[in-house]
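Below is entry-v9.txt, which holds compact mmCIF, C-alpha atoms and all ligand atoms.
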```txt
# COMPACT_ATOMS: atom_id res chain seq x y z
CA MET J 89 23.21 19.85 19.61
CA THR J 90 26.77 18.59 19.76
CA SER J 91 28.52 17.52 16.61
CA SER J 92 28.42 13.81 17.52
CA GLN J 93 24.62 14.07 17.52
CA THR J 94 24.48 15.80 14.17
CA ALA J 95 27.23 14.04 12.23
CA SER J 96 28.43 10.48 11.82
CA ARG J 97 31.27 9.00 9.80
CA ILE J 98 30.83 5.94 7.64
CA THR J 99 33.73 4.13 6.07
CA ALA J 100 33.05 2.99 2.53
CA GLU J 101 35.15 1.10 0.09
CA ILE J 102 34.14 2.39 -3.27
CA GLU J 103 35.52 1.65 -6.68
CA THR J 104 35.12 4.55 -9.05
CA THR J 105 34.68 3.79 -12.73
CA PHE J 106 36.06 6.59 -14.88
CA GLN J 107 33.96 5.79 -17.92
CA ARG J 108 35.21 7.20 -21.19
CA ASP J 109 32.76 5.48 -23.47
CA TYR J 110 30.31 8.30 -24.19
CA ARG J 111 27.96 6.54 -26.59
CA VAL J 112 24.33 6.12 -25.56
CA HIS J 113 23.76 2.52 -24.49
CA ALA J 114 20.50 2.92 -22.55
CA PRO J 115 18.14 5.32 -24.36
CA ASP J 116 15.46 4.93 -21.66
CA MET J 117 17.92 6.06 -19.01
CA ARG J 118 18.90 9.04 -21.18
CA ARG J 119 15.22 9.93 -21.46
CA LEU J 120 14.95 9.89 -17.68
CA TYR J 121 18.01 12.15 -17.57
CA GLU J 122 16.32 14.54 -20.06
CA ASN J 123 13.19 14.58 -17.89
CA ALA J 124 15.31 15.37 -14.85
CA LYS J 125 16.86 18.40 -16.57
CA ARG J 126 13.47 19.56 -17.87
CA ASP J 127 11.75 19.29 -14.48
CA GLN J 128 14.26 21.03 -12.23
CA TRP J 129 12.79 23.57 -9.80
CA ASN J 130 14.28 26.02 -7.38
CA ALA J 131 13.31 25.72 -3.72
CA ALA J 132 14.36 29.32 -3.07
CA ARG J 133 12.29 30.81 -5.88
CA ASP J 134 9.40 28.42 -6.58
CA ILE J 135 8.06 28.16 -3.03
CA ASP J 136 6.34 31.23 -1.62
CA TRP J 137 8.20 31.52 1.68
CA ASN J 138 6.26 34.66 2.63
CA VAL J 139 3.02 32.78 3.33
CA PRO J 140 2.75 32.50 7.12
CA VAL J 141 2.17 29.09 8.69
CA ASP J 142 -0.44 28.91 11.42
CA LEU J 143 1.14 26.53 13.94
CA GLY J 144 -1.92 27.01 16.17
CA GLN J 145 -3.74 24.70 13.75
CA GLY J 146 -1.11 21.99 13.63
CA ILE J 147 0.69 20.88 10.47
CA PHE J 148 -0.47 17.38 9.49
CA ALA J 149 -3.84 15.74 10.06
CA ASP J 150 -4.37 14.85 13.73
CA GLU J 151 -5.23 11.28 12.88
CA LEU J 152 -1.62 10.59 11.90
CA ILE J 153 -0.50 11.18 15.48
CA ASP J 154 0.13 8.08 17.59
CA GLY J 155 -2.52 7.74 20.25
CA TYR J 156 -5.04 9.91 18.38
CA GLN J 157 -8.49 9.54 20.01
CA SER J 158 -7.05 7.43 22.83
CA ASP J 159 -7.60 8.52 26.44
CA TYR J 160 -4.26 10.33 26.29
CA TRP J 161 -5.41 12.37 23.30
CA ASN J 162 -8.90 12.99 24.62
CA ALA J 163 -7.52 14.50 27.82
CA LEU J 164 -5.75 17.31 25.90
CA ASP J 165 -7.29 20.71 25.18
CA ALA J 166 -7.21 22.26 21.70
CA GLN J 167 -4.02 24.16 22.34
CA GLN J 168 -2.18 21.10 23.65
CA ARG J 169 -3.37 19.06 20.70
CA ALA J 170 -2.01 21.65 18.28
CA ALA J 171 1.30 21.77 20.16
CA LEU J 172 1.59 17.97 20.00
CA ASN J 173 0.65 18.05 16.32
CA VAL J 174 3.48 20.51 15.61
CA GLU J 175 6.08 18.43 17.47
CA PHE J 176 4.89 15.21 15.89
CA SER J 177 4.90 16.76 12.40
CA CYS J 178 8.38 18.22 12.92
CA TRP J 179 9.64 14.85 14.11
CA ARG J 180 8.24 13.22 10.97
CA LEU J 181 9.62 15.94 8.68
CA SER J 182 13.00 15.66 10.41
CA GLN J 183 13.18 11.94 9.58
CA LEU J 184 12.33 12.70 5.97
CA LEU J 185 14.99 15.41 5.96
CA HIS J 186 17.65 12.97 7.23
CA GLY J 187 16.52 10.55 4.54
CA GLU J 188 16.97 13.23 1.86
CA GLU J 189 20.46 14.01 3.11
CA GLY J 190 21.35 10.30 3.12
CA ALA J 191 19.89 9.92 -0.37
CA MET J 192 22.10 12.75 -1.62
CA LEU J 193 25.19 11.01 -0.23
CA ALA J 194 24.23 7.58 -1.59
CA CYS J 195 23.56 9.05 -5.05
CA SER J 196 26.85 10.86 -5.13
CA GLN J 197 28.48 7.45 -4.57
CA LEU J 198 26.35 6.01 -7.36
CA VAL J 199 27.79 8.57 -9.77
CA ASP J 200 31.20 7.03 -9.04
CA ILE J 201 30.27 3.36 -8.96
CA VAL J 202 27.70 2.74 -11.69
CA PRO J 203 29.61 1.57 -14.75
CA GLY J 204 27.88 3.40 -17.61
CA ASN J 205 27.52 7.08 -18.37
CA ASP J 206 23.77 6.85 -19.02
CA ALA J 207 23.29 5.95 -15.35
CA LYS J 208 26.07 8.27 -14.13
CA PHE J 209 24.44 11.29 -15.79
CA PHE J 210 21.07 10.46 -14.25
CA ALA J 211 22.56 9.82 -10.80
CA ALA J 212 24.24 13.24 -11.02
CA THR J 213 20.80 14.86 -11.44
CA GLN J 214 19.48 12.92 -8.48
CA VAL J 215 22.27 14.33 -6.31
CA VAL J 216 20.96 17.83 -7.10
CA ASP J 217 17.34 16.73 -6.54
CA GLU J 218 18.14 15.33 -3.11
CA ALA J 219 20.12 18.43 -2.16
CA ARG J 220 17.06 20.49 -3.07
CA HIS J 221 14.80 18.24 -0.99
CA ALA J 222 17.10 18.57 2.01
CA GLU J 223 17.23 22.33 1.41
CA VAL J 224 13.47 22.77 1.19
CA LEU J 225 12.61 20.60 4.21
CA SER J 226 15.32 22.10 6.41
CA ARG J 227 14.30 25.62 5.40
CA TYR J 228 10.68 24.83 6.27
CA LEU J 229 11.68 23.46 9.67
CA HIS J 230 13.99 26.40 10.38
CA GLU J 231 11.84 29.24 9.10
CA LYS J 232 8.34 28.00 9.81
CA CYS J 233 8.73 25.65 12.75
CA GLY J 234 11.30 27.35 14.96
CA GLY J 235 14.15 25.02 13.95
CA ARG J 236 12.63 21.91 15.48
CA ILE J 237 14.91 19.33 13.90
CA TYR J 238 14.82 15.99 15.71
CA PRO J 239 17.70 13.48 15.68
CA ILE J 240 17.70 10.63 13.17
CA THR J 241 15.98 7.41 14.31
CA PHE J 242 17.90 4.20 14.86
CA ASN J 243 16.23 2.48 11.88
CA ILE J 244 16.98 5.19 9.32
CA SER J 245 20.50 5.56 10.61
CA LYS J 246 21.09 1.80 10.39
CA LEU J 247 19.73 1.62 6.84
CA PHE J 248 21.96 4.46 5.65
CA ASP J 249 25.02 3.11 7.47
CA TYR J 250 24.67 0.03 5.34
CA LEU J 251 23.70 1.83 2.13
CA LEU J 252 26.61 4.23 2.38
CA GLY J 253 29.09 1.55 3.44
CA THR J 254 28.48 -0.99 0.70
CA GLY J 255 30.53 -0.71 -2.47
CA ARG J 256 27.99 -2.46 -4.65
CA TRP J 257 25.75 -0.18 -6.66
CA PHE J 258 22.87 -2.61 -7.09
CA ILE J 259 22.54 -2.98 -3.31
CA LYS J 260 22.53 0.80 -2.92
CA THR J 261 19.92 1.10 -5.65
CA VAL J 262 17.65 -1.57 -4.17
CA GLY J 263 17.98 0.03 -0.72
CA LEU J 264 17.59 3.61 -1.86
CA GLN J 265 15.57 3.84 -5.05
CA LEU J 266 13.54 0.68 -4.65
CA ILE J 267 12.78 0.49 -0.91
CA ALA J 268 13.52 3.78 0.88
CA GLU J 269 12.13 5.98 -1.89
CA THR J 270 9.06 3.82 -2.39
CA PHE J 271 8.42 4.26 1.32
CA ALA J 272 9.10 8.00 1.12
CA VAL J 273 6.80 8.41 -1.88
CA SER J 274 3.89 6.74 -0.05
CA LEU J 275 4.61 8.86 3.00
CA PHE J 276 4.87 12.10 1.03
CA ARG J 277 1.67 11.22 -0.80
CA MET J 278 -0.13 10.71 2.49
CA LEU J 279 1.34 13.95 3.85
CA ALA J 280 0.45 15.86 0.67
CA GLN J 281 -3.15 14.73 1.06
CA SER J 282 -3.36 15.37 4.76
CA ALA J 283 -1.25 18.50 5.38
CA LYS J 284 -3.18 21.43 6.83
CA ASP J 285 -0.54 23.92 5.73
CA PRO J 286 -0.69 24.91 2.01
CA THR J 287 3.06 25.64 1.84
CA LEU J 288 3.81 22.12 2.97
CA ARG J 289 1.31 20.70 0.50
CA GLU J 290 3.16 22.53 -2.28
CA ILE J 291 6.55 21.30 -1.05
CA THR J 292 5.44 17.66 -0.85
CA ARG J 293 3.80 17.89 -4.28
CA ARG J 294 7.05 19.09 -5.84
CA ILE J 295 9.19 16.52 -4.03
CA LEU J 296 6.86 13.76 -5.18
CA ALA J 297 7.33 14.68 -8.83
CA ASP J 298 11.11 14.23 -8.43
CA GLU J 299 10.79 10.99 -6.47
CA ALA J 300 8.81 9.35 -9.26
CA ARG J 301 11.93 9.72 -11.47
CA HIS J 302 14.15 8.28 -8.78
CA MET J 303 12.06 5.13 -8.52
CA GLY J 304 12.27 5.01 -12.32
CA PHE J 305 16.06 4.72 -12.07
CA SER J 306 15.82 1.42 -10.19
CA VAL J 307 13.29 0.02 -12.63
CA LEU J 308 15.53 0.88 -15.61
CA SER J 309 18.92 -0.01 -14.17
CA LEU J 310 18.34 -3.13 -12.08
CA PRO J 311 16.72 -5.83 -14.27
CA ASP J 312 19.82 -6.67 -16.37
CA GLU J 313 22.07 -6.57 -13.32
CA ILE J 314 19.82 -8.80 -11.22
CA ARG J 315 19.41 -11.28 -14.08
CA GLY J 316 23.20 -11.62 -14.24
CA LEU J 317 23.80 -12.20 -10.49
CA ASN J 318 25.11 -15.54 -9.29
CA GLN J 319 23.08 -17.39 -6.68
CA GLY J 320 25.18 -16.16 -3.73
CA ASP J 321 24.91 -12.50 -4.71
CA LEU J 322 21.21 -12.86 -5.44
CA HIS J 323 20.59 -14.35 -2.00
CA GLU J 324 22.57 -11.56 -0.40
CA LEU J 325 20.49 -9.00 -2.28
CA GLU J 326 17.25 -10.73 -1.28
CA ASP J 327 18.32 -10.84 2.37
CA PHE J 328 19.21 -7.17 2.24
CA THR J 329 15.83 -6.37 0.65
CA ARG J 330 14.11 -8.08 3.53
CA GLU J 331 16.23 -6.27 6.11
CA ALA J 332 15.64 -2.89 4.45
CA LEU J 333 11.88 -3.51 4.31
CA VAL J 334 11.80 -4.42 7.99
CA LEU J 335 13.71 -1.23 8.84
CA VAL J 336 11.46 1.10 6.88
CA MET J 337 8.16 -0.61 7.68
CA SER J 338 8.57 -1.17 11.41
CA GLY J 339 8.80 2.59 11.85
CA GLN J 340 9.84 4.24 15.06
CA PHE J 341 7.97 5.78 17.89
CA PRO J 342 8.39 9.57 18.25
CA ALA J 343 8.85 9.53 22.03
CA GLN J 344 10.80 12.81 21.88
CA ALA J 345 7.84 14.64 20.33
CA PHE J 346 5.60 13.54 23.19
CA ALA J 347 8.25 14.47 25.74
CA ALA J 348 8.54 17.94 24.16
CA VAL J 349 4.93 18.75 25.05
CA GLY J 350 5.29 17.49 28.60
CA PHE J 351 4.05 13.90 28.62
CA SER J 352 5.53 11.87 31.47
CA ALA J 353 7.64 8.78 30.80
CA ALA J 354 4.73 6.60 32.01
CA ASP J 355 2.26 8.29 29.64
CA ILE J 356 4.67 7.98 26.73
CA GLU J 357 4.96 4.26 27.48
CA GLY J 358 1.15 4.09 27.52
CA ILE J 359 0.88 5.79 24.13
CA ARG J 360 3.50 3.42 22.76
CA ARG J 361 1.32 0.54 23.95
CA VAL J 362 -1.75 2.03 22.22
CA ARG J 363 0.28 2.29 19.04
CA ARG J 364 1.42 -1.33 19.29
CA GLU J 365 -2.11 -2.58 19.89
CA ARG J 366 -3.46 -0.59 16.97
CA ALA J 367 -0.70 -1.83 14.70
CA ALA J 368 -1.55 -5.42 15.58
CA GLY J 369 -5.30 -4.97 15.25
CA PRO J 370 -7.39 -3.92 12.26
CA ASP J 371 -6.09 -0.47 11.40
CA ASN J 372 -9.04 1.88 11.45
CA HIS J 373 -7.26 5.06 10.47
CA MET J 374 -7.89 5.87 6.87
CA PHE J 375 -4.61 7.60 6.02
CA ARG J 376 -2.49 4.88 7.58
CA LYS J 377 -4.46 2.16 5.87
CA LEU J 378 -4.09 3.88 2.50
CA PHE J 379 -0.40 4.44 3.17
CA ARG J 380 0.28 0.79 3.91
CA ARG J 381 -1.65 -0.38 0.92
CA ASP J 382 -0.01 2.16 -1.38
CA MET J 383 3.47 1.31 -0.11
CA SER J 384 2.97 -2.46 -0.32
CA MET J 385 1.61 -2.25 -3.83
CA GLN J 386 4.48 -0.09 -5.05
CA VAL J 387 7.12 -2.30 -3.45
CA VAL J 388 5.65 -5.49 -4.87
CA GLY J 389 5.15 -3.84 -8.29
CA ASN J 390 8.74 -2.56 -8.42
CA MET J 391 10.24 -5.81 -7.10
CA GLY J 392 8.39 -7.58 -9.90
CA LYS J 393 9.67 -5.15 -12.52
CA VAL J 394 13.33 -5.53 -11.52
CA GLY J 395 13.22 -9.34 -11.17
CA LEU J 396 13.30 -9.58 -7.39
CA LEU J 397 9.96 -11.28 -6.95
CA ASN J 398 10.44 -15.04 -6.61
CA ALA J 399 9.39 -17.83 -4.27
CA ARG J 400 11.97 -16.84 -1.65
CA THR J 401 11.14 -13.14 -1.58
CA SER J 402 7.39 -13.81 -1.81
CA SER J 403 7.56 -15.89 1.33
CA PHE J 404 9.26 -13.15 3.35
CA LEU J 405 6.88 -10.54 1.95
CA ARG J 406 4.02 -12.63 3.32
CA GLU J 407 5.81 -12.84 6.69
CA LEU J 408 5.96 -9.05 6.71
CA GLY J 409 2.23 -8.86 6.00
CA ILE J 410 2.63 -7.85 2.34
CA ASP J 411 0.69 -9.75 -0.29
CA PRO J 412 3.13 -10.57 -3.13
CA GLU J 413 0.21 -10.93 -5.54
CA MET J 414 -0.70 -7.28 -5.08
CA ARG J 415 -0.28 -5.18 -8.19
CA PRO J 416 -0.81 -1.48 -8.75
CA ALA J 417 -3.61 -0.74 -11.22
CA ALA J 418 -2.04 -0.40 -14.66
FE FE N 501 14.30 13.09 -2.19
FE FE N 502 14.69 10.73 -4.09
```
Could you write out this structure as structure tokens?
Ligand SMILES: [Fe+2]
Ligand SMILES: [Fe+2]
Amino acid sequence: MTSSQTASRITAEIETTFQRDYRVHAPDMRRLYENAKRDQWNAARDIDWNVPVDLGQGIFADELIDGYQSDYWNALDAQQRAALNVEFSCWRLSQLLHGEEGAMLACSQLVDIVPGNDAKFFAATQVVDEARHAEVLSRYLHEKCGGRIYPITFNISKLFDYLLGTGRWFIKTVGLQLIAETFAVSLFRMLAQSAKDPTLREITRRILADEARHMGFSVLSLPDEIRGLNQGDLHELEDFTREALVLVMSGQFPAQAFAAVGFSAADIEGIRRVRRERAAGPDNHMFRKLFRRDMSMQVVGNMGKVGLLNARTSSFLRELGIDPEMRPAA
């Protein structure tokens, strides 16, 4: 790959607060920081990299693959199905990897921008967490999957362009910790449940434990800030929330993964159509259904906790097919 395909530059105007008030103002945030230090793990040492991965079996559950059980799928033999599974899984893992890298960058900006040291200290731990996630996923793709790292999708790239460009920490936090990480947690949970490979199950389990803390950051840091916003800023934040949700929920079609196993352009278009029809109809695939429900519930729950659930946001949630009355079981 050329460097323009693997690197982009984003201009950001960021105001760094050099905070020299070291008293504890937010004990809950300090507790989250303590948890982060306590729960660190080492991707080099704590994952058994010697366990071989059987790519002949595929990586994730077949039913996650677009077009599963369609005529296109049914025409493949076992070997072709496994090959498609591997490409599809690597495409999915690559997108998560790019998200981890973007999260690391956004958090390093948060260290600068957030005003108080309670939040700065926590954000500093999240930078390390995200570096570890990028390390572990890229190592898996390089060592176990022959280095199949797919380019970032348009949607993820667009979301991070905005997240990394804005100078306002509460917009970064809504975009990253509230929306993108809620999405990633639901996805990792689905992958943890459905992965055929035990190494990957272990990796996703460990990442999930870290991500729960990251979502916690938004729930602790945002309520006071959102309460204090003027109407214009609140509307801007609500509009951004909508845009971010559209970007993460509309997903993208892994055409490159299908091309890698030899599907023609016409077949790939056909599979895309199957995917669209299934998305519009009643979704009969268990993992996807659980994922959507899990994700919607978490988003609505967290929006409620930070004070972003109101008549305006509820109406766009409904437009996006999310029930704003949904609540996670306590
Ligand atoms: Fe992460
Ligand atoms: Fe995270």
_All residues having an atom within 12 Å of ligand FE 501 (chain N) (all atoms listed in the file) as a count of residues only_ = 49
*From the list J:Trp257, J:Leu252, J:Met278, J:Phe305, which residue is nearest ligand FE 502 (chain N) when using only C-alpha atoms and all ligand atoms?*
J:Phe305
*Between J:Leu198, J:Met117, J:Ala149, J:Ala131, which is the closest to Arg256 of chain J once you count all atoms listed in the file?*
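Answer, going by the shortest atom-to-atom distance: J:Leu198.
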*asked:* Let me make sure I understand: among J:Pro115, J:Val199, J:Asn138, J:Ile356, which one has the smallest atom-to-atom distance to Glu231 of chain J if we use all atoms listed in the file?
replied: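 Nearest to Glu231 of chain J: J:Asn138.
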*Using all atoms listed in the file, pick whichever of J:Gln93, J:Ser306, J:Thr104, J:Asn173 has the shortest atom-to-atom distance to ligand FE 502 (chain N).*
J:Ser306
*From J:Leu172, J:Ile201, J:Met414, J:Leu378, residue lying nearest Thr105 of chain J [all atoms listed in the file]*: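 For Thr105 of chain J, the nearest of the given residues is J:Ile201.
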*What does the distance from atom CA of Val112 of chain J to atom CA of Gly255 of chain J come to in Å, to one decimal?*
24.9 Å
*Could you please determine the separation between atom CA of Glu324 of chain J and atom CA of Gly395 of chain J in Å, to one decimal place?*
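It comes out at 14.4 Å.
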*For Glu313 of chain J, which of J:Ser158, J:Thr261, J:Ser338, J:Thr99 is the closest residue, counting only C-alpha atoms?*
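Smallest distance to Glu313 of chain J is found for J:Thr261.
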At a cut-off of 6 Å around the point (3.6, 8.2, 22.9) (file coordinates), what residues fall inside when counting all atoms listed in the file? I'd like the answer as a CSV table (one decimal) with C-alpha atoms, in the coordinates of the input.
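Final output, saved to point-v6.csv:
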```
chain,number,residue,atom,x,y,z
J,343,ALA,CA,8.8,9.5,22.0
J,346,PHE,CA,5.6,13.5,23.2
J,356,ILE,CA,4.7,8.0,26.7
J,359,ILE,CA,0.9,5.8,24.1
J,360,ARG,CA,3.5,3.4,22.8
```
With all atoms listed in the file as the counted atoms, please give the residues lying no more than 10 Å from Val174 of chain J, apart from itself and same-chain residues fewer than 6 positions off, as a CSV table (one decimal) with C-alpha atoms, in the frame of the given file.
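Ended up saving to around.csv:
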```csv
chain,number,residue,atom,x,y,z
J,143,LEU,CA,1.1,26.5,13.9
J,144,GLY,CA,-1.9,27.0,16.2
J,145,GLN,CA,-3.7,24.7,13.8
J,146,GLY,CA,-1.1,22.0,13.6
J,147,ILE,CA,0.7,20.9,10.5
J,148,PHE,CA,-0.5,17.4,9.5
J,150,ASP,CA,-4.4,14.8,13.7
J,168,GLN,CA,-2.2,21.1,23.6
J,180,ARG,CA,8.2,13.2,11.0
J,233,CYS,CA,8.7,25.6,12.8
J,236,ARG,CA,12.6,21.9,15.5
J,345,ALA,CA,7.8,14.6,20.3
J,349,VAL,CA,4.9,18.8,25.0
```
*Residues at most 8 Å from Ile267 of chain J, counting all atoms listed in the file, excluding those fewer than 3 positions away in the same chain, as a list of chain:residue names?*
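Once the adjacent positions are removed, what remains is J:Val262, J:Gly263, J:Leu264, J:Thr270, J:Phe271, J:Thr329, J:Ala332, J:Leu333, J:Val336, J:Val387.
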*asked:* Need to verify the contact set: segment 314-323 of chain J, 9 Å, all atoms listed in the file, exclusion of same-chain residues closer than 2 positions in sequence. Can you return it as a PyMOL selection string?
replied: chain J and resi 258+310-312+325-328+394-396+400
Centre, x/y/z edge lengths, axis-aligned box for segment 399-412 of chain J with 6 Å per side, as lines of an AutoDock Vina configuration file:
```
center_x = 6.3
center_y = -12.8
center_z = 1.2
size_x = 23.3
size_y = 22.0
size_z = 23.0
```
_Contact residues around Gly235 of chain J with all atoms listed in the file at 12 Å, ignoring same-chain residues under 2 positions, as a PyMOL selection string_ = chain J and resi 89+174-175+178-179+181-182+225-233+237-238
Next, the residues of the selection above should be written as a CSV table (one decimal), in the frame of the given file with C-alpha atoms.
```
chain,number,residue,atom,x,y,z
J,89,MET,CA,23.2,19.8,19.6
J,174,VAL,CA,3.5,20.5,15.6
J,175,GLU,CA,6.1,18.4,17.5
J,178,CYS,CA,8.4,18.2,12.9
J,179,TRP,CA,9.6,14.8,14.1
J,181,LEU,CA,9.6,15.9,8.7
J,182,SER,CA,13.0,15.7,10.4
J,225,LEU,CA,12.6,20.6,4.2
J,226,SER,CA,15.3,22.1,6.4
J,227,ARG,CA,14.3,25.6,5.4
J,228,TYR,CA,10.7,24.8,6.3
J,229,LEU,CA,11.7,23.5,9.7
J,230,HIS,CA,14.0,26.4,10.4
J,231,GLU,CA,11.8,29.2,9.1
J,232,LYS,CA,8.3,28.0,9.8
J,233,CYS,CA,8.7,25.6,12.8
J,237,ILE,CA,14.9,19.3,13.9
J,238,TYR,CA,14.8,16.0,15.7
```
*For atom CA of Ser274 of chain J and atom CA of Arg366 of chain J, quote the distance in Å rounded to one decimal.*
19.9 Å
*Please provide the set of residues having any atom within 8 Å of Glu290 of chain J, restricted to only C-alpha atoms, with same-chain residues fewer than 4 positions apart removed, written as a list in words.*
Ile135, Ala280, Pro286 and Arg294 of chain J
